[in-house]
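What follows is the content of input00.txt, which has compact mmCIF, C-alpha atoms (C1' of nucleotides):
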```txt
# COMPACT_ATOMS: atom_id res chain seq x y z
CA MET A 133 -71.64 -23.88 122.54
CA ARG A 134 -71.30 -26.67 120.05
CA THR A 135 -73.24 -26.10 116.87
CA ARG A 136 -72.25 -29.14 114.84
CA PRO A 137 -71.01 -32.71 115.51
CA MET A 138 -67.37 -33.20 116.36
CA THR A 139 -65.14 -34.62 113.71
CA VAL A 140 -62.91 -37.51 114.67
CA ALA A 141 -59.88 -35.27 114.42
CA GLU A 142 -61.45 -32.76 116.77
CA ALA A 143 -62.42 -35.44 119.23
CA THR A 144 -58.91 -36.82 119.22
CA ASP A 145 -57.54 -33.34 119.62
CA GLU A 146 -59.86 -32.55 122.47
CA ALA A 147 -58.96 -35.76 124.23
CA CYS A 148 -55.36 -34.75 123.64
CA CYS A 149 -54.10 -38.31 123.38
CA PRO A 150 -55.06 -41.60 121.86
CA SER A 151 -57.10 -43.87 124.09
CA VAL A 152 -56.45 -47.59 124.07
CA LEU A 153 -59.95 -48.67 125.00
CA ALA A 154 -62.00 -46.18 123.06
CA ALA A 155 -61.20 -47.18 119.50
CA PRO A 156 -58.68 -49.26 117.55
CA LEU A 157 -55.29 -47.56 117.65
CA ALA A 158 -53.45 -46.53 114.53
CA GLU A 159 -49.98 -47.95 114.14
CA GLY A 160 -48.30 -44.64 114.85
CA GLU A 161 -50.33 -44.05 117.98
CA ALA A 162 -49.61 -47.56 119.20
CA GLU A 163 -45.90 -47.12 118.57
CA ALA A 164 -45.76 -43.85 120.49
CA LEU A 165 -47.81 -45.15 123.38
CA ALA A 166 -45.76 -48.33 123.57
CA GLN A 167 -42.58 -46.28 123.88
CA SER A 168 -44.08 -44.31 126.74
CA PHE A 169 -45.26 -47.40 128.58
CA ALA A 170 -41.86 -48.98 128.01
CA ALA A 171 -40.40 -46.21 130.12
CA LEU A 172 -42.59 -47.45 132.97
CA ALA A 173 -41.83 -51.11 132.35
CA ASP A 174 -38.83 -51.27 134.64
CA PRO A 175 -38.96 -51.51 138.43
CA VAL A 176 -35.93 -49.27 138.94
CA ARG A 177 -37.44 -46.53 136.79
CA LEU A 178 -40.79 -46.79 138.58
CA ARG A 179 -39.11 -46.40 141.94
CA LEU A 180 -36.98 -43.58 140.60
CA LEU A 181 -40.10 -41.84 139.33
CA SER A 182 -41.88 -42.29 142.64
CA LEU A 183 -38.89 -40.91 144.52
CA VAL A 184 -38.79 -37.83 142.33
CA ALA A 185 -42.54 -37.37 142.65
CA ALA A 186 -42.43 -37.69 146.43
CA ALA A 187 -39.65 -35.15 146.86
CA ASP A 188 -40.86 -32.82 144.13
CA GLU A 189 -37.25 -32.14 143.18
CA VAL A 190 -34.41 -34.61 143.49
CA CYS A 191 -30.72 -34.52 142.68
CA SER A 192 -29.28 -37.49 140.79
CA CYS A 193 -26.85 -38.02 143.62
CA GLU A 194 -29.76 -38.60 146.00
CA LEU A 195 -31.09 -41.45 143.87
CA GLN A 196 -28.07 -43.70 143.80
CA GLU A 197 -28.28 -44.87 147.38
CA PRO A 198 -32.02 -45.63 147.73
CA LEU A 199 -32.08 -47.41 144.37
CA GLY A 200 -28.93 -49.39 145.02
CA LYS A 201 -27.60 -49.00 141.50
CA SER A 202 -24.40 -47.67 140.04
CA GLN A 203 -24.11 -44.07 138.92
CA PRO A 204 -24.09 -44.91 135.18
CA THR A 205 -27.22 -46.99 135.68
CA ILE A 206 -29.01 -44.12 137.41
CA SER A 207 -27.98 -41.81 134.60
CA HIS A 208 -29.25 -44.34 132.08
CA HIS A 209 -32.66 -44.51 133.73
CA THR A 210 -33.07 -40.78 134.23
CA LYS A 211 -32.31 -40.37 130.55
CA ALA A 212 -34.89 -42.99 129.65
CA LEU A 213 -37.58 -41.27 131.71
CA ALA A 214 -36.57 -37.88 130.37
CA ASP A 215 -36.69 -39.13 126.78
CA ALA A 216 -40.22 -40.29 127.49
CA GLY A 217 -41.02 -36.81 128.78
CA LEU A 218 -41.96 -38.09 132.21
CA ILE A 219 -39.28 -36.12 134.04
CA VAL A 220 -37.20 -33.06 133.28
CA GLY A 221 -33.76 -32.23 134.59
CA GLU A 222 -32.33 -28.86 135.44
CA LYS A 223 -28.60 -28.47 135.83
CA ARG A 224 -27.55 -26.22 138.68
CA GLY A 225 -23.86 -26.14 139.26
CA ARG A 226 -22.53 -29.67 139.33
CA TRP A 227 -25.88 -31.18 140.11
CA VAL A 228 -28.91 -32.09 138.06
CA TYR A 229 -32.29 -31.73 139.71
CA TRP A 230 -35.15 -33.80 138.40
CA ARG A 231 -38.88 -33.24 138.66
CA VAL A 232 -41.84 -35.09 137.22
CA VAL A 233 -43.94 -33.75 134.35
CA PRO A 234 -47.48 -34.29 135.65
CA ASP A 235 -49.10 -33.60 132.27
CA ARG A 236 -47.15 -36.40 130.67
CA VAL A 237 -48.12 -38.87 133.37
CA GLU A 238 -51.70 -37.70 133.05
CA ALA A 239 -51.59 -38.29 129.30
CA LEU A 240 -50.64 -41.91 129.85
CA ARG A 241 -53.32 -42.23 132.48
CA ALA A 242 -55.84 -40.84 130.02
CA ALA A 243 -54.78 -43.44 127.45
CA LEU A 244 -56.15 -46.09 129.82
CA ALA A 245 -59.43 -44.30 130.47
CA PRO A 246 -62.62 -46.23 129.67
CA MET B 59 -67.64 -40.33 158.95
CA ARG B 60 -63.96 -40.57 159.69
CA THR B 61 -63.14 -40.31 163.37
CA ARG B 62 -59.37 -40.74 163.27
CA PRO B 63 -56.56 -40.27 160.75
CA MET B 64 -56.06 -42.96 158.14
CA THR B 65 -53.13 -45.26 158.59
CA VAL B 66 -50.87 -45.79 155.63
CA ALA B 67 -52.14 -49.33 155.27
CA GLU B 68 -55.73 -48.14 155.16
CA ALA B 69 -54.94 -45.49 152.61
CA THR B 70 -53.19 -48.01 150.41
CA ASP B 71 -56.08 -50.38 150.82
CA GLU B 72 -58.59 -47.74 149.94
CA ALA B 73 -56.64 -46.86 146.82
CA CYS B 74 -56.60 -50.56 146.06
CA CYS B 75 -53.23 -50.47 144.29
CA PRO B 76 -49.86 -48.91 144.66
CA SER B 77 -49.61 -45.43 143.22
CA VAL B 78 -46.42 -44.31 141.51
CA LEU B 79 -46.77 -40.64 142.30
CA ALA B 80 -48.18 -40.79 145.81
CA ALA B 81 -45.27 -42.30 147.70
CA PRO B 82 -42.00 -44.12 147.06
CA LEU B 83 -42.73 -47.61 145.78
CA ALA B 84 -41.51 -50.72 147.54
CA GLU B 85 -39.42 -53.05 145.43
CA GLY B 86 -42.14 -55.66 145.18
CA GLU B 87 -44.76 -53.11 144.14
CA ALA B 88 -42.40 -51.70 141.55
CA GLU B 89 -41.64 -55.14 140.18
CA ALA B 90 -45.31 -56.03 139.84
CA LEU B 91 -46.25 -52.71 138.28
CA ALA B 92 -43.34 -52.89 135.87
CA GLN B 93 -44.51 -56.29 134.64
CA SER B 94 -47.98 -54.91 134.03
CA PHE B 95 -46.69 -51.89 132.14
CA ALA B 96 -44.40 -54.16 130.16
CA ALA B 97 -47.51 -55.83 128.78
CA LEU B 98 -48.48 -52.44 127.36
CA ALA B 99 -44.99 -51.65 126.09
CA ASP B 100 -45.49 -53.19 122.66
CA PRO B 101 -47.38 -51.59 119.77
CA VAL B 102 -48.84 -54.87 118.56
CA ARG B 103 -50.22 -55.66 122.00
CA LEU B 104 -51.68 -52.16 122.37
CA ARG B 105 -53.46 -52.46 119.05
CA LEU B 106 -54.60 -55.96 119.95
CA LEU B 107 -55.99 -54.66 123.23
CA SER B 108 -57.77 -51.80 121.52
CA LEU B 109 -59.28 -54.18 118.98
CA VAL B 110 -60.61 -56.44 121.71
CA ALA B 111 -61.92 -53.46 123.66
CA ALA B 112 -63.68 -52.05 120.62
CA ALA B 113 -65.43 -55.30 119.71
CA ASP B 114 -66.08 -56.35 123.29
CA GLU B 115 -65.37 -59.95 122.32
CA VAL B 116 -62.95 -61.04 119.64
CA CYS B 117 -61.82 -64.39 118.28
CA SER B 118 -58.08 -64.90 117.85
CA CYS B 119 -58.66 -65.60 114.20
CA GLU B 120 -60.07 -62.10 113.76
CA LEU B 121 -56.88 -60.52 115.07
CA GLN B 122 -54.38 -61.99 112.65
CA GLU B 123 -55.40 -59.96 109.63
CA PRO B 124 -55.75 -56.45 111.12
CA LEU B 125 -52.50 -56.84 113.06
CA GLY B 126 -50.56 -58.26 110.13
CA LYS B 127 -48.69 -60.82 112.21
CA SER B 128 -48.35 -64.58 112.05
CA GLN B 129 -50.62 -66.84 114.06
CA PRO B 130 -47.93 -67.85 116.59
CA THR B 131 -47.12 -64.19 117.14
CA ILE B 132 -50.77 -63.38 117.84
CA SER B 133 -50.92 -66.29 120.26
CA HIS B 134 -47.75 -65.04 121.93
CA HIS B 135 -49.21 -61.58 122.46
CA THR B 136 -52.61 -62.74 123.68
CA LYS B 137 -50.80 -64.89 126.21
CA ALA B 138 -48.71 -61.93 127.33
CA LEU B 139 -51.79 -59.77 127.85
CA ALA B 140 -53.63 -62.61 129.55
CA ASP B 141 -50.69 -63.26 131.89
CA ALA B 142 -50.86 -59.60 132.83
CA GLY B 143 -54.56 -60.04 133.56
CA LEU B 144 -55.57 -57.44 130.99
CA ILE B 145 -57.62 -59.84 128.88
CA VAL B 146 -59.27 -63.20 129.45
CA GLY B 147 -59.92 -65.89 126.89
CA GLU B 148 -62.84 -68.27 126.70
CA LYS B 149 -62.58 -71.35 124.51
CA ARG B 150 -65.74 -72.17 122.63
CA GLY B 151 -65.36 -75.01 120.20
CA ARG B 152 -62.26 -74.50 118.14
CA TRP B 153 -62.13 -70.79 118.81
CA VAL B 154 -60.91 -68.66 121.67
CA TYR B 155 -62.79 -65.46 122.40
CA TRP B 156 -61.01 -62.67 124.19
CA ARG B 157 -62.38 -59.79 126.21
CA VAL B 158 -60.71 -57.06 128.23
CA VAL B 159 -60.68 -57.00 132.02
CA PRO B 160 -61.68 -53.39 132.77
CA ASP B 161 -60.76 -53.61 136.45
CA ARG B 162 -57.21 -54.54 135.59
CA VAL B 163 -56.85 -51.63 133.17
CA GLU B 164 -58.36 -49.37 135.77
CA ALA B 165 -55.84 -50.56 138.34
CA LEU B 166 -52.99 -49.52 136.09
CA ARG B 167 -54.69 -46.22 135.42
CA ALA B 168 -55.02 -45.69 139.15
CA ALA B 169 -51.31 -46.30 139.58
CA LEU B 170 -50.70 -43.14 137.56
CA ALA B 171 -53.18 -41.02 139.48
CA PRO B 172 -51.82 -37.83 141.08
C1' DC C 17 -3.97 -23.94 136.70
C1' DA C 18 -4.90 -28.10 139.42
C1' DA C 19 -7.58 -31.08 142.15
C1' DA C 20 -12.03 -32.70 143.31
C1' DT C 21 -16.63 -34.07 142.31
C1' DG C 22 -21.20 -34.84 139.99
C1' DT C 23 -22.83 -36.38 135.59
C1' DA C 24 -22.82 -38.39 130.88
C1' DT C 25 -20.97 -41.56 127.52
C1' DC C 26 -18.68 -45.79 125.84
C1' DG C 27 -17.85 -50.68 125.49
C1' DA C 28 -18.92 -55.05 126.79
C1' DC C 29 -21.58 -58.80 128.67
C1' DG C 30 -25.67 -61.57 129.83
C1' DG C 31 -30.47 -61.84 129.75
C1' DT C 32 -34.89 -60.82 127.69
C1' DT C 33 -38.07 -60.22 123.82
C1' DG C 34 -40.53 -60.15 119.21
C1' DT C 35 -40.80 -62.77 115.26
C1' DC C 36 -41.68 -66.75 112.28
C1' DA C 37 -41.40 -71.71 110.42
C1' DA C 38 -42.31 -76.11 111.97
C1' DT C 39 -44.89 -78.94 114.76
C1' DA C 40 -47.98 -80.58 118.30
C1' DC C 41 -52.58 -80.34 120.44
C1' DG C 42 -57.64 -80.59 120.31
C1' DG C 43 -62.26 -80.12 119.00
C1' DA C 44 -65.74 -80.58 114.71
C1' DG C 45 -67.56 -82.89 111.08
C1' DG C 46 -67.73 -86.26 107.59
C1' DC D 131 -61.40 -93.13 112.46
C1' DC D 132 -59.68 -89.73 109.72
C1' DT D 133 -59.41 -85.12 108.10
C1' DC D 134 -59.81 -80.29 108.68
C1' DC D 135 -58.86 -76.20 111.07
C1' DG D 136 -58.01 -72.94 114.99
C1' DT D 137 -54.81 -72.57 118.66
C1' DA D 138 -50.62 -73.42 121.52
C1' DT D 139 -45.85 -74.72 121.89
C1' DT D 140 -41.09 -75.30 120.43
C1' DG D 141 -36.78 -73.84 118.49
C1' DA D 142 -34.02 -70.51 116.45
C1' DC D 143 -32.43 -66.02 115.39
C1' DA D 144 -31.85 -61.07 115.56
C1' DA D 145 -32.65 -57.04 118.08
C1' DC D 146 -33.07 -54.78 122.29
C1' DC D 147 -32.20 -53.79 127.30
C1' DG D 148 -30.21 -53.44 132.07
C1' DT D 149 -26.02 -53.38 134.23
C1' DC D 150 -21.35 -52.02 135.44
C1' DG D 151 -16.29 -50.62 134.94
C1' DA D 152 -13.67 -47.33 132.64
C1' DT D 153 -13.43 -42.94 130.96
C1' DA D 154 -14.61 -38.36 129.29
C1' DC D 155 -16.89 -33.95 130.32
C1' DA D 156 -18.13 -29.98 133.15
C1' DT D 157 -18.15 -27.07 137.12
C1' DT D 158 -16.78 -25.73 141.60
C1' DT D 159 -13.02 -24.92 144.75
C1' DG D 160 -8.34 -24.29 146.39
```
Show me this structure written as structure tokens.
Amino acid sequence: MRTRPMTVAEATDEACCPSVLAAPLAEGEAEALAQSFAALADPVRLRLLSLVAAADEVCSCELQEPLGKSQPTISHHTKALADAGLIVGEKRGRWVYWRVVPDRVEALRAALAP
Amino acid sequence: MRTRPMTVAEATDEACCPSVLAAPLAEGEAEALAQSFAALADPVRLRLLSLVAAADEVCSCELQEPLGKSQPTISHHTKALADAGLIVGEKRGRWVYWRVVPDRVEALRAALAP
DNA sequence: CAAATGTATCGACGGTTGTCAATACGGAGG
DNA sequence: CCTCCGTATTGACAACCGTCGATACATTTG
């Protein structure tokens, strides 16, 4: 049970992530959030993400055909999404299998909460 | 009460907007979503949005100082957010007052729903 | 070891974007 | 009508980004 008012730091901590609509963002928070949203600001990456989410686990080689892009381009986009923490890759043999990181997506979703 | 299974079209309609994680995105959906997320992919715009959200209604002239950018740059960013439908501006006299469009933010939030 | 194959990196090119100074637009007030 | 002042637009520049061909790396397979 709560016995005293929350501090701002505690509230932020409890909410886990900065919220855009709740209060003015600090520069650092804005910079970090902008980088995350930038990962979603490309149609190829959004489709890639949705493909990985739908299949729960997808090999890079399975992405090239549905996305209609070259292999280096696919690798570039998977890296971008991975750098943003939205997907993680596991190397098994010659293949890399990608899966989404739901918590990371949820964090971005929470940043847009009212 | 539901008497038959939902069609895909009905499900999409009920959800109102394409969801990234639910099913593979069509190219058009991905393109549109990417443009919206691109509006959020800049730290200055995120801070601008949070300032407008916090004050509920903000004049352009009140944004220049806290954001530390030139007047044309502020105008550029308000236009970008307005083009994305995230804010709307109302001109009263010499001033333009901006407010957020909660439904539009919510639509983006919904696109990240599990 | 050698060949084959999936992935990552490099280099280059064209297009986009954030920024600001200069300028144009437009309403308010003398 | 003229001036002031907030806003929008233009032009220019640097930085960034998406894309692909070429190539390097790594791992399996013969």
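Here atom CA of Val233 of chain A and atom CA of Gly86 of chain B stand 24.5 Å from one another.
Applying a distance limit of 9 Å to all atoms listed in the file, the residues of chain D near chain A read DG148, DT149, DC150, DA156, DT157 and DT158 of chain D.
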Per-residue nearest contacts chain A to chain B, cut-off 10 Å, using all atoms listed in the file, as a tab-separated table:
```
residue	atom	partner	partner_atom	distance
A:Ser151	CA	B:Ser108	CA	8.4
A:Val152	CA	B:Ser108	CA	5.1
A:Leu153	CA	B:Ser108	CA	5.2
A:Ala154	CA	B:Ala112	CA	6.6
A:Ala155	CA	B:Ala112	CA	5.6
A:Pro156	CA	B:Ser108	CA	4.8
A:Leu157	CA	B:Arg105	CA	5.4
A:Ala158	CA	B:Arg105	CA	7.5
A:Glu159	CA	B:Pro101	CA	7.2
A:Gly160	CA	B:Pro101	CA	8.6
A:Glu161	CA	B:Pro101	CA	8.3
A:Ala162	CA	B:Pro101	CA	4.6
A:Glu163	CA	B:Pro101	CA	4.9
A:Ala164	CA	B:Pro101	CA	7.9
A:Leu165	CA	B:Pro101	CA	7.4
A:Ala166	CA	B:Ala99	CA	4.2
A:Gln167	CA	B:Ala99	CA	6.3
A:Ser168	CA	B:Ala99	CA	7.4
A:Phe169	CA	B:Ala99	CA	4.9
A:Ala170	CA	B:Ala99	CA	4.5
A:Ala171	CA	B:Ala99	CA	8.2
A:Leu172	CA	B:Phe95	CA	6.1
A:Ala173	CA	B:Ala92	CA	4.2
A:Asp174	CA	B:Ala92	CA	4.9
A:Pro175	CA	B:Ala88	CA	4.6
A:Val176	CA	B:Ala88	CA	7.4
A:Arg177	CA	B:Ala88	CA	8.6
A:Leu178	CA	B:Ala88	CA	6.0
A:Arg179	CA	B:Leu83	CA	5.4
A:Leu180	CA	B:Pro82	CA	8.2
A:Leu181	CA	B:Val78	CA	7.1
A:Ser182	CA	B:Pro82	CA	4.8
A:Leu183	CA	B:Pro82	CA	5.1
A:Val184	CA	B:Leu79	CA	8.5
A:Ala185	CA	B:Leu79	CA	5.4
A:Ala186	CA	B:Ala81	CA	5.6
A:Ala187	CA	B:Ala81	CA	9.1
A:Asp188	CA	B:Leu79	CA	10.0
A:Leu199	CA	B:Glu85	CA	9.3
A:Val232	CA	B:Leu79	CA	9.0
A:Pro234	CA	B:Pro172	CA	7.8
A:Val237	CA	B:Leu170	CA	6.5
A:Glu238	CA	B:Leu170	CA	7.1
A:Ala239	CA	B:Leu170	CA	9.6
A:Leu240	CA	B:Leu170	CA	7.8
A:Arg241	CA	B:Arg167	CA	5.1
A:Ala242	CA	B:Arg167	CA	7.7
A:Ala243	CA	B:Arg167	CA	8.4
A:Leu244	CA	B:Arg167	CA	5.8
A:Ala245	CA	B:Arg167	CA	7.1
A:Pro246	CA	B:Pro160	CA	7.9
```
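Between atom CA of Tyr229 of chain A and atom CA of Glu189 of chain A the interatomic distance comes to 6.1 Å.
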Go ahead and align chain B to chain A (same sequence, so just pair every C-alpha in order, least squares) and export the moved chain as a PDB file with C-alpha atoms, in the coordinates of the input.
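For reference, out_20.pdb as written:
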```pdb
ATOM      1  CA  MET B  59     -72.842 -24.943 123.023  1.00  0.00           C
ATOM      2  CA  ARG B  60     -72.307 -27.610 120.425  1.00  0.00           C
ATOM      3  CA  THR B  61     -74.270 -27.037 117.247  1.00  0.00           C
ATOM      4  CA  ARG B  62     -73.125 -30.008 115.182  1.00  0.00           C
ATOM      5  CA  PRO B  63     -71.662 -33.463 115.810  1.00  0.00           C
ATOM      6  CA  MET B  64     -67.972 -33.701 116.601  1.00  0.00           C
ATOM      7  CA  THR B  65     -65.718 -34.983 113.889  1.00  0.00           C
ATOM      8  CA  VAL B  66     -63.302 -37.721 114.791  1.00  0.00           C
ATOM      9  CA  ALA B  67     -60.415 -35.304 114.478  1.00  0.00           C
ATOM     10  CA  GLU B  68     -62.050 -32.881 116.881  1.00  0.00           C
ATOM     11  CA  ALA B  69     -62.782 -35.601 119.374  1.00  0.00           C
ATOM     12  CA  THR B  70     -59.202 -36.793 119.250  1.00  0.00           C
ATOM     13  CA  ASP B  71     -58.005 -33.247 119.615  1.00  0.00           C
ATOM     14  CA  GLU B  72     -60.237 -32.617 122.558  1.00  0.00           C
ATOM     15  CA  ALA B  73     -58.973 -35.756 124.249  1.00  0.00           C
ATOM     16  CA  CYS B  74     -55.490 -34.502 123.496  1.00  0.00           C
ATOM     17  CA  CYS B  75     -53.990 -37.981 123.115  1.00  0.00           C
ATOM     18  CA  PRO B  76     -54.824 -41.291 121.607  1.00  0.00           C
ATOM     19  CA  SER B  77     -56.927 -43.506 123.825  1.00  0.00           C
ATOM     20  CA  VAL B  78     -56.351 -47.250 123.860  1.00  0.00           C
ATOM     21  CA  LEU B  79     -59.885 -48.224 124.742  1.00  0.00           C
ATOM     22  CA  ALA B  80     -61.854 -45.697 122.726  1.00  0.00           C
ATOM     23  CA  ALA B  81     -61.007 -46.764 119.195  1.00  0.00           C
ATOM     24  CA  PRO B  82     -58.522 -48.932 117.315  1.00  0.00           C
ATOM     25  CA  LEU B  83     -55.095 -47.323 117.445  1.00  0.00           C
ATOM     26  CA  ALA B  84     -53.179 -46.362 114.336  1.00  0.00           C
ATOM     27  CA  GLU B  85     -49.737 -47.883 114.031  1.00  0.00           C
ATOM     28  CA  GLY B  86     -47.965 -44.621 114.729  1.00  0.00           C
ATOM     29  CA  GLU B  87     -50.061 -43.920 117.822  1.00  0.00           C
ATOM     30  CA  ALA B  88     -49.433 -47.427 119.076  1.00  0.00           C
ATOM     31  CA  GLU B  89     -45.710 -47.104 118.507  1.00  0.00           C
ATOM     32  CA  ALA B  90     -45.509 -43.818 120.388  1.00  0.00           C
ATOM     33  CA  LEU B  91     -47.649 -45.025 123.270  1.00  0.00           C
ATOM     34  CA  ALA B  92     -45.683 -48.246 123.529  1.00  0.00           C
ATOM     35  CA  GLN B  93     -42.443 -46.293 123.884  1.00  0.00           C
ATOM     36  CA  SER B  94     -43.953 -44.234 126.677  1.00  0.00           C
ATOM     37  CA  PHE B  95     -45.237 -47.280 128.529  1.00  0.00           C
ATOM     38  CA  ALA B  96     -41.874 -48.944 128.040  1.00  0.00           C
ATOM     39  CA  ALA B  97     -40.375 -46.175 130.150  1.00  0.00           C
ATOM     40  CA  LEU B  98     -42.652 -47.335 132.964  1.00  0.00           C
ATOM     41  CA  ALA B  99     -41.971 -51.025 132.384  1.00  0.00           C
ATOM     42  CA  ASP B 100     -39.009 -51.228 134.745  1.00  0.00           C
ATOM     43  CA  PRO B 101     -39.213 -51.412 138.540  1.00  0.00           C
ATOM     44  CA  VAL B 102     -36.140 -49.262 139.076  1.00  0.00           C
ATOM     45  CA  ARG B 103     -37.533 -46.514 136.870  1.00  0.00           C
ATOM     46  CA  LEU B 104     -40.925 -46.654 138.601  1.00  0.00           C
ATOM     47  CA  ARG B 105     -39.302 -46.283 141.994  1.00  0.00           C
ATOM     48  CA  LEU B 106     -37.076 -43.524 140.655  1.00  0.00           C
ATOM     49  CA  LEU B 107     -40.130 -41.713 139.321  1.00  0.00           C
ATOM     50  CA  SER B 108     -41.973 -42.086 142.598  1.00  0.00           C
ATOM     51  CA  LEU B 109     -38.970 -40.768 144.506  1.00  0.00           C
ATOM     52  CA  VAL B 110     -38.761 -37.701 142.297  1.00  0.00           C
ATOM     53  CA  ALA B 111     -42.509 -37.160 142.546  1.00  0.00           C
ATOM     54  CA  ALA B 112     -42.452 -37.427 146.321  1.00  0.00           C
ATOM     55  CA  ALA B 113     -39.615 -34.939 146.789  1.00  0.00           C
ATOM     56  CA  ASP B 114     -40.723 -32.632 143.997  1.00  0.00           C
ATOM     57  CA  GLU B 115     -37.083 -32.052 143.088  1.00  0.00           C
ATOM     58  CA  VAL B 116     -34.315 -34.582 143.490  1.00  0.00           C
ATOM     59  CA  CYS B 117     -30.600 -34.599 142.750  1.00  0.00           C
ATOM     60  CA  SER B 118     -29.223 -37.634 140.927  1.00  0.00           C
ATOM     61  CA  CYS B 119     -26.862 -38.208 143.799  1.00  0.00           C
ATOM     62  CA  GLU B 120     -29.824 -38.689 146.128  1.00  0.00           C
ATOM     63  CA  LEU B 121     -31.196 -41.511 143.997  1.00  0.00           C
ATOM     64  CA  GLN B 122     -28.230 -43.850 144.021  1.00  0.00           C
ATOM     65  CA  GLU B 123     -28.555 -44.984 147.612  1.00  0.00           C
ATOM     66  CA  PRO B 124     -32.318 -45.632 147.897  1.00  0.00           C
ATOM     67  CA  LEU B 125     -32.364 -47.436 144.547  1.00  0.00           C
ATOM     68  CA  GLY B 126     -29.285 -49.522 145.278  1.00  0.00           C
ATOM     69  CA  LYS B 127     -27.866 -49.213 141.775  1.00  0.00           C
ATOM     70  CA  SER B 128     -24.585 -47.960 140.380  1.00  0.00           C
ATOM     71  CA  GLN B 129     -24.188 -44.382 139.223  1.00  0.00           C
ATOM     72  CA  PRO B 130     -24.132 -45.242 135.493  1.00  0.00           C
ATOM     73  CA  THR B 131     -27.307 -47.259 135.945  1.00  0.00           C
ATOM     74  CA  ILE B 132     -29.057 -44.326 137.619  1.00  0.00           C
ATOM     75  CA  SER B 133     -27.916 -42.073 134.795  1.00  0.00           C
ATOM     76  CA  HIS B 134     -29.204 -44.606 132.280  1.00  0.00           C
ATOM     77  CA  HIS B 135     -32.645 -44.670 133.874  1.00  0.00           C
ATOM     78  CA  THR B 136     -32.974 -40.916 134.314  1.00  0.00           C
ATOM     79  CA  LYS B 137     -32.141 -40.565 130.642  1.00  0.00           C
ATOM     80  CA  ALA B 138     -34.778 -43.134 129.729  1.00  0.00           C
ATOM     81  CA  LEU B 139     -37.448 -41.310 131.723  1.00  0.00           C
ATOM     82  CA  ALA B 140     -36.322 -37.957 130.371  1.00  0.00           C
ATOM     83  CA  ASP B 141     -36.420 -39.246 126.784  1.00  0.00           C
ATOM     84  CA  ALA B 142     -39.988 -40.309 127.452  1.00  0.00           C
ATOM     85  CA  GLY B 143     -40.722 -36.794 128.684  1.00  0.00           C
ATOM     86  CA  LEU B 144     -41.753 -38.011 132.125  1.00  0.00           C
ATOM     87  CA  ILE B 145     -39.061 -36.080 133.979  1.00  0.00           C
ATOM     88  CA  VAL B 146     -36.880 -33.081 133.214  1.00  0.00           C
ATOM     89  CA  GLY B 147     -33.441 -32.350 134.573  1.00  0.00           C
ATOM     90  CA  GLU B 148     -31.930 -28.997 135.413  1.00  0.00           C
ATOM     91  CA  LYS B 149     -28.180 -28.717 135.868  1.00  0.00           C
ATOM     92  CA  ARG B 150     -27.140 -26.452 138.693  1.00  0.00           C
ATOM     93  CA  GLY B 151     -23.442 -26.461 139.355  1.00  0.00           C
ATOM     94  CA  ARG B 152     -22.194 -30.002 139.490  1.00  0.00           C
ATOM     95  CA  TRP B 153     -25.605 -31.434 140.226  1.00  0.00           C
ATOM     96  CA  VAL B 154     -28.623 -32.288 138.135  1.00  0.00           C
ATOM     97  CA  TYR B 155     -32.033 -31.820 139.703  1.00  0.00           C
ATOM     98  CA  TRP B 156     -34.936 -33.812 138.377  1.00  0.00           C
ATOM     99  CA  ARG B 157     -38.648 -33.153 138.568  1.00  0.00           C
ATOM    100  CA  VAL B 158     -41.642 -34.944 137.101  1.00  0.00           C
ATOM    101  CA  VAL B 159     -43.650 -33.592 134.183  1.00  0.00           C
ATOM    102  CA  PRO B 160     -47.240 -34.018 135.418  1.00  0.00           C
ATOM    103  CA  ASP B 161     -48.784 -33.324 132.016  1.00  0.00           C
ATOM    104  CA  ARG B 162     -46.871 -36.183 130.475  1.00  0.00           C
ATOM    105  CA  VAL B 163     -47.970 -38.609 133.188  1.00  0.00           C
ATOM    106  CA  GLU B 164     -51.494 -37.357 132.784  1.00  0.00           C
ATOM    107  CA  ALA B 165     -51.343 -37.986 129.049  1.00  0.00           C
ATOM    108  CA  LEU B 166     -50.487 -41.615 129.651  1.00  0.00           C
ATOM    109  CA  ARG B 167     -53.220 -41.856 132.240  1.00  0.00           C
ATOM    110  CA  ALA B 168     -55.658 -40.428 129.726  1.00  0.00           C
ATOM    111  CA  ALA B 169     -54.648 -43.078 127.220  1.00  0.00           C
ATOM    112  CA  LEU B 170     -56.114 -45.669 129.581  1.00  0.00           C
ATOM    113  CA  ALA B 171     -59.359 -43.807 130.164  1.00  0.00           C
ATOM    114  CA  PRO B 172     -62.579 -45.692 129.348  1.00  0.00           C
TER     115      PRO B 172
END
```
Inset, instruction - Select, from B:Asp141, B:Val146, B:Cys117, B:Val154, the residue with the minimum atom-to-atom distance to DA138 of chain D, counting all atoms listed in the file. - result: B:Val154
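Across the structure, atom CA of Cys75 of chain B and atom CA of Asp161 of chain B are spaced 11.3 Å apart.
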Counting all atoms listed in the file, which residues of chain C come no farther than 10 Å from chain B, as a tab-separated table (two decimals) with C-alpha atoms (C1' of nucleotides), in the coordinates of the input?
```tsv
chain	number	residue	atom	x	y	z
C	34	DG	C1'	-40.53	-60.15	119.21
C	35	DT	C1'	-40.80	-62.77	115.26
C	36	DC	C1'	-41.68	-66.75	112.28
C	37	DA	C1'	-41.40	-71.71	110.42
C	42	DG	C1'	-57.64	-80.59	120.31
C	43	DG	C1'	-62.26	-80.12	119.00
C	44	DA	C1'	-65.74	-80.58	114.71
```
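Across C:DA24, C:DG45, C:DA18, C:DG30, the tightest approach to DT159 of chain D is made by C:DA18 when counting all atoms listed in the file.
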Inset, instruction - Tell me, as a PyMOL selection string, which residues lie within 10 Å of DT153 of chain D, counting all atoms listed in the file; anything in the same chain fewer than 2 positions away does not count. - result: (chain C and resi 25-26) or (chain D and resi 151+155)
